[in-house]
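Asker: Please find one structure pasted underneath; my questions will follow.
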Amino acid sequence: MTPLAEWSQSNTEHGLLVAFGEFLQQHGLLQQLLQVPISQKTCTFPPQAKLIEFLAGIMSGIEFLSDLNDGPHPLAKDVMVARTWSLPHWAHYSTVSRTLAACDAQTVQAVQQAIESFSQPFIRESVQELLGAGLAVLYDLDLMGQPVSATSTGYPQAAFGWMDDQVRLGYQLARICLTTKSGARIWLQGFHHPGDTVSAPCLQELIRAAETQAGVRPHRRTDLVQQRIAAHQANFTRPQRLLKQHHDRQHHLHQTRRQVHLQIAQAEQTLKTPISAAKSARLQQQLQGWQRRLPRLEQQLATCVQALAHHQATVTQLTAELTVLQNWLAQLETDNRTNPDPPHCRVRMDGGFGSGSNLTWLIEMGYAVDTKALSDKTTQTLRAQVTPAMTWTRVGDNAEMIAWPDYYMHACPYPLTVGLEHFKTGAADKYATLVRFRAETTPRVLRTWFAEYNGRQTIEAGNKELKSGVFHVQHLMSHSLPGIQIQVLFAGLAANTVRWCMPWIRTCVTQGTPKIQQTLRSPKHMVRVAANASAWVQQTVSGTALRFAPTSALSGVILILKGVPAFQLPLGFQEPCKIASETTNRPLVAQNLG
């Protein structure tokens with residue numbers, strides 16, 4: 001039995017936040033965050049400790065930074081949670097704000113590296129589960145607005161753009177997530193951009209970041225790039241022929257102009273000598289003809305020079321494009337040589353990402369693609385092709401589809417499958433176009449296609465969770481750009497961590513109840529309910545345990561978070577008596593669950 005002097009006990013208003021801190025400590029993240037560079041002096045608290053407090057606040061679901069001190073359950077006053085997060089105390093939210101303002105690009109990079117180091121084992125494990133089950137690695141992409149007040153001038157690089165179905169001032173957050181075997185969502189990366197950023201330019205940075213995080217990539221389709229190179233080389237024939245023709249014409253015109261100038265000079269010299277009147281008249285007439293010809297020759301030369309410049313520019317452009325294609329092919333071939341066992345990978349995204357160039361890039365990178373048409377013109381074109389003889393296929397309760405194979409879209413050289421959707425919103429008929437690329441030639445099942453694309457609700461639900469459901473990433477808690485970027489990183493980290501720690505917390509529960517089982521299935525409940533529930537915490541150098549208060553939503557639930565303390569927990573917050581083995585019918589014994 002551990003002497004009382006060697007353990008501490010205290011109340012907390014943030015019960016499950018203790019477990020979150022213990023989980024992050026056991027996996028080394030808090031220690032890494034304590035090492036990130038911040039250009040700020042240490043007074044009462046080191047600046048890195050205030051970053052950890054910021055993360056703890058986000059994981060407790062704060063909506064505004066001031067909630068750390070002024071919220072309904074002020075985290076900054078909860079010393080017990082600070083200790084379980086490896087800190088002696090919490091700082092006032094105003095000093096946390098000053099620390100965020102003192103962060104710079106180096107701080108953001110170090111925080112991101114710490115998060116990636118912590119996250120990679122969980123991400124790689126999920127990827128291996130998918131591959132072991134023979135499933136595709138599925139990425140979802142989206143662009144989410146972060147609006148601020150339209151009259152605000154204090155947010156750097158904020159710009160007006162399309163957010164929440166209207167033009168607003170703020171930022172755009174490009175995010176990509178992985179769907180696990182169980183259907184859960186893992187945020188892989190997020191990039192912060194000014195508000196006028198659109199989806200299409202963000203695609204490549206998201207895919208490359210996802211490949212780095214997941215550690216896998218599909219087989220690159222080098223055969224398609226080779227076909228593009230062959231077609232490109234064939235396109236050289238005409239402009240090169242025209243270029244040679246105009247070079248020859250220019251040479252001929254220069255010779256003609258020199259000959260005319262020579263004839264004029266000779267005629268003028270002859271006219272200065274004594275000659276007959278008839279010969280002089282004939283020579284005068286020839287001279288006038290040559291002089292009239294000169295302006296026409298100059299005009300023909302100018303036109304020829306313009307044509308030469310145009311054809312030379314075309315050849316130069318085609319040469320540069322060919323060089324890019326050849327370098328691209330070399331890069332993809334290198335990727336394939338170092339990727340002996342490539343998985344099947346899919347990308348699912350909204351129409352904003354689906355430009356022709358993006359589709360081409362994704363296809364050649366080896367991905368199967370599901371998206372929507374970027375322009376409504378595609379939908380209008382397909383509607384014009386529908387005939388009464390065509391049959392609509394029911395794909396949902398309120399939706400039907402017709403599909404076309406081998407459809408070519410602007411700026412994409414590869415055949416796509418497109419599906420025209422028809423559905424009703426109230427009494428109004430609505431149409432949209434789904435776009436798909438698959439390398440295999442299996443028959444199309446429209447209902448499956450429709451359902452698979454609408455699985456994008458995974459990332460849409462994640463956006464809702466980040467916007468206002470749980471982590472409030474839309475309410476910017478700093479006016480400095482690095483502070484905003486760190487908030488984005490911490491929000492994604494918090495959303496992942498809550499899910500990753502679920503299995504571990506289940507092993508920490510001494511006796512399951514329907515309420516704790518329901519809570520541990522819902523990240524929202526874990527943050528908004530359990531992480532803001534009263535509990536009694538006891539700690540020794542080798543163990544941490546907590547029991548939720550009788551007045552909390554998880555009354556009586558006991559968690560052994562790091563080993564099992566060599567003592568039994570008190571029944572109540574003010575009672576010194578010990579918890580009997582009423583929940584397990586046996587004494588609590590020491591073990592290491594970390």
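Please note that chains go A, B, ... in the order of the structure tokens, that every chain numbers its residues from 1, and that ligands are numbered from 1 in the order shown.
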With only C-alpha atoms as the counted atoms, please give the residues lying no more than 12 Å from region 247-252 of chain A, apart from itself and same-chain residues fewer than 6 positions off, as a list in words.
Answerer: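 So the residues in contact are Gln240, Arg241, Arg258, Gln259, Leu297, Glu298, Gln299, Gln300, Leu301, Ala302, Thr303, Cys304, Val305, Gln306, Ala307, Leu308, Ala309, His311 and Gln312 of chain A.
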Asker: Convert the current residue selection to file output with C-alpha atoms, as an mmCIF file, in the first residue's frame.
Answerer:
data_model
loop_
_atom_site.group_PDB
_atom_site.id
_atom_site.type_symbol
_atom_site.label_atom_id
_atom_site.label_comp_id
_atom_site.auth_asym_id
_atom_site.auth_seq_id
_atom_site.Cartn_x
_atom_site.Cartn_y
_atom_site.Cartn_z
ATOM 1 C CA GLN A 240 7.603 22.894 -87.453
ATOM 2 C CA ARG A 241 6.613 22.605 -91.132
ATOM 3 C CA ARG A 258 17.939 43.319 -102.167
ATOM 4 C CA GLN A 259 17.425 42.704 -105.909
ATOM 5 C CA LEU A 297 7.798 43.886 -99.964
ATOM 6 C CA GLU A 298 8.205 45.553 -96.556
ATOM 7 C CA GLN A 299 4.616 44.681 -95.670
ATOM 8 C CA GLN A 300 5.115 41.081 -96.773
ATOM 9 C CA LEU A 301 8.289 40.884 -94.687
ATOM 10 C CA ALA A 302 6.510 42.309 -91.632
ATOM 11 C CA THR A 303 3.691 39.778 -92.024
ATOM 12 C CA CYS A 304 6.217 37.008 -92.456
ATOM 13 C CA VAL A 305 8.077 38.082 -89.307
ATOM 14 C CA GLN A 306 4.810 38.014 -87.335
ATOM 15 C CA ALA A 307 4.003 34.534 -88.645
ATOM 16 C CA LEU A 308 7.505 33.385 -87.818
ATOM 17 C CA ALA A 309 7.204 34.703 -84.270
ATOM 18 C CA HIS A 311 5.088 29.603 -85.124
ATOM 19 C CA GLN A 312 8.351 29.929 -83.207
#
Asker: Identify, on the basis of only C-alpha atoms, every residue whose closest approach to region 25-35 of chain A does not exceed 10 Å; exclude the query and any residue fewer than 3 positions from it along the same chain; express the result as a compact mmCIF listing (two decimals) with N, CA and C atoms, in the first residue's frame.
Answerer:
# COMPACT_ATOMS: atom_id res chain seq x y z
N ALA A 19 -7.63 12.12 -18.85
CA ALA A 19 -7.27 10.95 -19.67
C ALA A 19 -6.60 11.39 -20.97
N PHE A 20 -7.13 12.45 -21.58
CA PHE A 20 -6.51 12.95 -22.82
C PHE A 20 -5.05 13.33 -22.57
N GLY A 21 -4.79 14.05 -21.48
CA GLY A 21 -3.43 14.46 -21.16
C GLY A 21 -2.53 13.27 -20.89
N GLU A 22 -3.05 12.27 -20.19
CA GLU A 22 -2.26 11.07 -19.91
C GLU A 22 -1.91 10.34 -21.21
N ILE A 38 10.01 29.17 -29.45
CA ILE A 38 9.12 30.34 -29.39
C ILE A 38 9.95 31.52 -28.90
N PRO A 46 6.81 29.04 -18.93
CA PRO A 46 7.50 29.00 -20.23
C PRO A 46 6.48 29.09 -21.36
N PRO A 47 6.83 29.71 -22.47
CA PRO A 47 5.85 29.88 -23.55
C PRO A 47 5.34 28.54 -24.08
N GLN A 48 6.17 27.50 -24.07
CA GLN A 48 5.71 26.20 -24.56
C GLN A 48 4.58 25.64 -23.69
N ALA A 49 4.61 25.94 -22.40
CA ALA A 49 3.54 25.48 -21.51
C ALA A 49 2.21 26.10 -21.90
N LYS A 50 2.26 27.33 -22.39
CA LYS A 50 1.01 27.99 -22.81
C LYS A 50 0.49 27.42 -24.11
N LEU A 51 1.38 26.90 -24.96
CA LEU A 51 0.91 26.17 -26.14
C LEU A 51 0.16 24.91 -25.71
N ILE A 52 0.71 24.20 -24.73
CA ILE A 52 0.05 22.99 -24.23
C ILE A 52 -1.30 23.35 -23.62
N LEU A 55 -3.74 23.75 -26.40
CA LEU A 55 -4.20 22.45 -26.89
C LEU A 55 -5.21 21.84 -25.93
N THR A 84 -1.82 16.76 -14.51
CA THR A 84 -1.89 15.55 -15.34
C THR A 84 -1.43 15.83 -16.77
N TRP A 85 -1.34 17.10 -17.15
CA TRP A 85 -0.78 17.48 -18.45
C TRP A 85 0.68 17.91 -18.29
N SER A 86 1.32 17.48 -17.20
CA SER A 86 2.76 17.68 -16.93
C SER A 86 3.12 19.13 -16.65
N LEU A 87 2.17 19.94 -16.20
CA LEU A 87 2.45 21.35 -15.88
C LEU A 87 2.01 21.63 -14.44
N THR A 107 8.05 28.14 -35.35
CA THR A 107 7.23 27.50 -34.32
C THR A 107 6.18 26.61 -34.96
N ALA A 110 7.72 23.44 -36.25
CA ALA A 110 8.09 22.52 -35.18
C ALA A 110 6.86 21.85 -34.58
N VAL A 111 5.77 22.61 -34.42
CA VAL A 111 4.53 22.03 -33.92
C VAL A 111 4.01 20.97 -34.89
N GLN A 112 4.05 21.29 -36.17
CA GLN A 112 3.58 20.33 -37.17
C GLN A 112 4.43 19.06 -37.16
N GLN A 113 5.74 19.21 -37.04
CA GLN A 113 6.60 18.03 -36.99
C GLN A 113 6.32 17.19 -35.76
N ALA A 114 6.06 17.83 -34.62
CA ALA A 114 5.73 17.09 -33.41
C ALA A 114 4.43 16.32 -33.58
N ILE A 115 3.44 16.97 -34.18
CA ILE A 115 2.14 16.31 -34.40
C ILE A 115 2.30 15.14 -35.37
N GLU A 116 3.08 15.33 -36.43
CA GLU A 116 3.27 14.25 -37.40
C GLU A 116 3.99 13.07 -36.77
N SER A 117 4.99 13.35 -35.94
CA SER A 117 5.71 12.27 -35.27
C SER A 117 4.78 11.49 -34.35
N PHE A 118 3.91 12.19 -33.63
CA PHE A 118 2.93 11.54 -32.75
C PHE A 118 1.89 10.75 -33.55
N SER A 119 1.47 11.30 -34.70
CA SER A 119 0.33 10.74 -35.43
C SER A 119 0.70 9.56 -36.32
N LYS A 562 -2.91 5.21 -15.69
CA LYS A 562 -1.50 4.87 -15.83
C LYS A 562 -1.16 3.94 -14.69
N GLY A 594 -0.05 1.61 -19.52
CA GLY A 594 0.47 2.65 -20.40
C GLY A 594 1.14 2.09 -21.61
Asker: Which neighbours of Gln109 (chain A) fall inside 10 Å, counting only C-alpha atoms, when residues of the same chain fewer than 5 positions from it are skipped, and could you give them as a list in words?
Answerer: Val36, Pro37, Asp104, Ala114, Ile115, Pro482, Gln485 and Ile486 of chain A
Asker: Any chance you can output those residues with C-alpha atoms as a PDB file, in the first residue's frame?
Answerer:
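Output saved as result_35.pdb:
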ATOM      1  CA  VAL A  36       9.328  23.851 -29.855  1.00  0.00           C
ATOM      2  CA  PRO A  37      11.066  27.217 -30.424  1.00  0.00           C
ATOM      3  CA  ASP A 104       6.500  32.431 -35.956  1.00  0.00           C
ATOM      4  CA  ALA A 114       5.734  17.090 -33.407  1.00  0.00           C
ATOM      5  CA  ILE A 115       2.144  16.310 -34.397  1.00  0.00           C
ATOM      6  CA  PRO A 482       1.134  31.585 -36.885  1.00  0.00           C
ATOM      7  CA  GLN A 485      -2.204  28.090 -38.115  1.00  0.00           C
ATOM      8  CA  ILE A 486      -1.413  26.478 -34.760  1.00  0.00           C
TER       9      ILE A 486
END
Asker: Which is closest to Ala210 (chain A) among A:Thr314, A:Gln326, A:Gln120, A:Thr417, if we use only C-alpha atoms?
Answerer: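 Of all the options, A:Gln120 lies closest to Ala210 (chain A).
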Asker: So how many Å separate CA of Leu416 (chain A) and CA of Thr323 (chain A), to one decimal?
Answerer: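 Rounded to one decimal, the two atoms are 26.4 Å apart.
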Asker: Give the answer as one residue: which of A:Ser182, A:Thr497, A:Gln286, A:Thr425 has the shortest atom-to-atom distance to Met59 (chain A), using only C-alpha atoms?
Answerer: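 Closest to Met59 (chain A) of all the choices is A:Thr497.
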Asker: Excluding Gly556 (chain A) and any residue of its chain fewer than 5 positions from it, enumerate the residues within 9 Å of it, using only C-alpha atoms, and give them as a compact mmCIF listing (two decimals) with C-alpha atoms, in the first residue's frame.
Answerer:
# COMPACT_ATOMS: atom_id res chain seq x y z
CA ARG A 547 -13.73 8.52 -10.56
CA PHE A 548 -16.50 10.65 -12.01
CA ALA A 549 -18.61 12.51 -9.48
CA PRO A 550 -22.11 11.35 -8.52
CA LEU A 571 -16.34 6.85 -2.45
Asker: What separation in Å, quoted to one decimal, exists between CA of Asp406 (chain A) and CA of Leu135 (chain A)?
Answerer: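 Computing it gives 26.1 Å between the two atoms.
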Asker: Take CA of Arg436 (chain A) and CA of Thr387 (chain A) and report the distance between them in Å, one decimal.
Answerer: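 Between CA of Arg436 (chain A) and CA of Thr387 (chain A) the gap works out to 22.4 Å.
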Asker: I need the residue nearest Ser357 (chain A) from this list: A:Pro413, A:Pro340, A:Gly462, A:Pro74. Use only C-alpha atoms for the distance.
Answerer: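 Closest to Ser357 (chain A), using only C-alpha atoms: A:Pro413.
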Asker: For Leu520 (chain A), please output as a count of residues only all residues within 7 Å (counting only C-alpha atoms; exclusion window: fewer than 4 positions along the same chain).
Answerer: 3
Asker: Any chance you could list, as a ChimeraX atom specification, the residues in region 382-586 of chain A that come up strand (DSSP E or B) when DSSP is run on the backbone?
Answerer: /A:393-396,399-407,416-425,428-437,509,535-539,544-548,558-562,570,578
Asker: Let's have the selection written as a compact mmCIF listing (two decimals), in the first residue's frame, with C-alpha atoms.
Answerer:
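again33.txt, written as the output of this step:
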# COMPACT_ATOMS: atom_id res chain seq x y z
CA THR A 393 -32.00 4.33 -62.88
CA ARG A 394 -33.25 4.87 -59.33
CA VAL A 395 -30.20 5.43 -57.10
CA GLY A 396 -31.79 6.89 -53.98
CA ALA A 399 -32.58 10.58 -57.00
CA GLU A 400 -32.12 8.87 -60.36
CA MET A 401 -29.23 8.75 -62.82
CA ILE A 402 -28.24 8.19 -66.43
CA ALA A 403 -24.57 7.49 -67.24
CA TRP A 404 -22.30 7.94 -70.27
CA PRO A 405 -18.94 6.16 -70.65
CA ASP A 406 -15.94 7.52 -72.54
CA TYR A 407 -16.85 11.14 -71.96
CA LEU A 416 -14.29 9.60 -68.00
CA THR A 417 -17.62 8.17 -66.93
CA VAL A 418 -20.23 10.83 -66.21
CA GLY A 419 -23.57 10.39 -64.55
CA LEU A 420 -26.41 12.89 -64.78
CA GLU A 421 -28.31 13.09 -61.48
CA HIS A 422 -31.93 14.15 -61.28
CA PHE A 423 -33.57 14.84 -57.95
CA LYS A 424 -36.20 17.10 -56.45
CA THR A 425 -35.91 19.81 -53.84
CA ALA A 428 -38.18 21.97 -58.10
CA ASP A 429 -36.22 19.64 -60.37
CA LYS A 430 -32.47 19.71 -59.77
CA TYR A 431 -29.63 18.27 -61.81
CA ALA A 432 -25.96 17.59 -61.14
CA THR A 433 -23.19 15.57 -62.77
CA LEU A 434 -21.02 12.95 -61.12
CA VAL A 435 -17.62 12.29 -62.70
CA ARG A 436 -15.62 9.10 -62.22
CA PHE A 437 -12.41 7.53 -63.46
CA VAL A 509 -12.65 1.49 -17.40
CA ALA A 535 -14.30 13.84 -11.21
CA TRP A 536 -11.98 12.88 -8.37
CA VAL A 537 -8.35 12.34 -9.42
CA GLN A 538 -5.67 10.47 -7.49
CA GLN A 539 -2.04 10.25 -8.50
CA THR A 544 -3.24 7.96 -12.14
CA ALA A 545 -6.87 7.14 -11.57
CA LEU A 546 -10.13 9.06 -11.56
CA ARG A 547 -13.73 8.52 -10.56
CA PHE A 548 -16.50 10.65 -12.01
CA ILE A 558 -13.71 4.71 -12.63
CA LEU A 559 -10.74 4.95 -15.00
CA ILE A 560 -7.25 3.62 -14.25
CA LEU A 561 -5.14 5.72 -16.59
CA LYS A 562 -1.50 4.87 -15.83
CA PRO A 570 -12.60 7.25 -2.03
CA LYS A 578 -11.79 3.80 0.40
Asker: Hey, what does DSSP flag as helix (DSSP H, G or I) within region 292-531 of chain A? Can you give it to me as a PyMOL selection string?
Answerer: chain A and resi 292-337+351-353+356-365+376-385+446-469+481-500+502-508+514-519+523-528+530-531
Asker: Write out as an MDAnalysis selection string each polymer residue whose atoms come within 12 Å of Ala281 (chain A), counting only C-alpha atoms; drop sequence neighbours fewer than 5 positions from it.
Answerer: chainID A and resid 267 270:271 275:276 286:288
Asker: Need the shell around Leu16 (chain A): protein/DNA/RNA residues with any atom at most 6 Å away, counting only C-alpha atoms. Skip same-chain ones fewer than 2 positions apart. Format as an NGL selection string?
Answerer: :A and (14 or 18-19 or 530-531)
Asker: Deliver the residues from the most recent selection as a file, using N, CA and C atoms, as a compact mmCIF listing (two decimals), in the first residue's frame.
Answerer:
# COMPACT_ATOMS: atom_id res chain seq x y z
N HIS A 14 -12.92 18.67 -15.21
CA HIS A 14 -12.63 18.24 -16.58
C HIS A 14 -12.14 16.80 -16.57
N VAL A 18 -8.29 14.75 -18.20
CA VAL A 18 -7.17 14.10 -17.52
C VAL A 18 -6.68 12.91 -18.34
N ALA A 19 -7.63 12.12 -18.85
CA ALA A 19 -7.27 10.95 -19.67
C ALA A 19 -6.60 11.39 -20.97
N ALA A 530 -17.91 14.39 -21.22
CA ALA A 530 -16.97 13.76 -20.31
C ALA A 530 -15.77 14.64 -19.98
N ALA A 531 -15.29 15.43 -20.96
CA ALA A 531 -14.13 16.29 -20.68
C ALA A 531 -14.52 17.54 -19.89
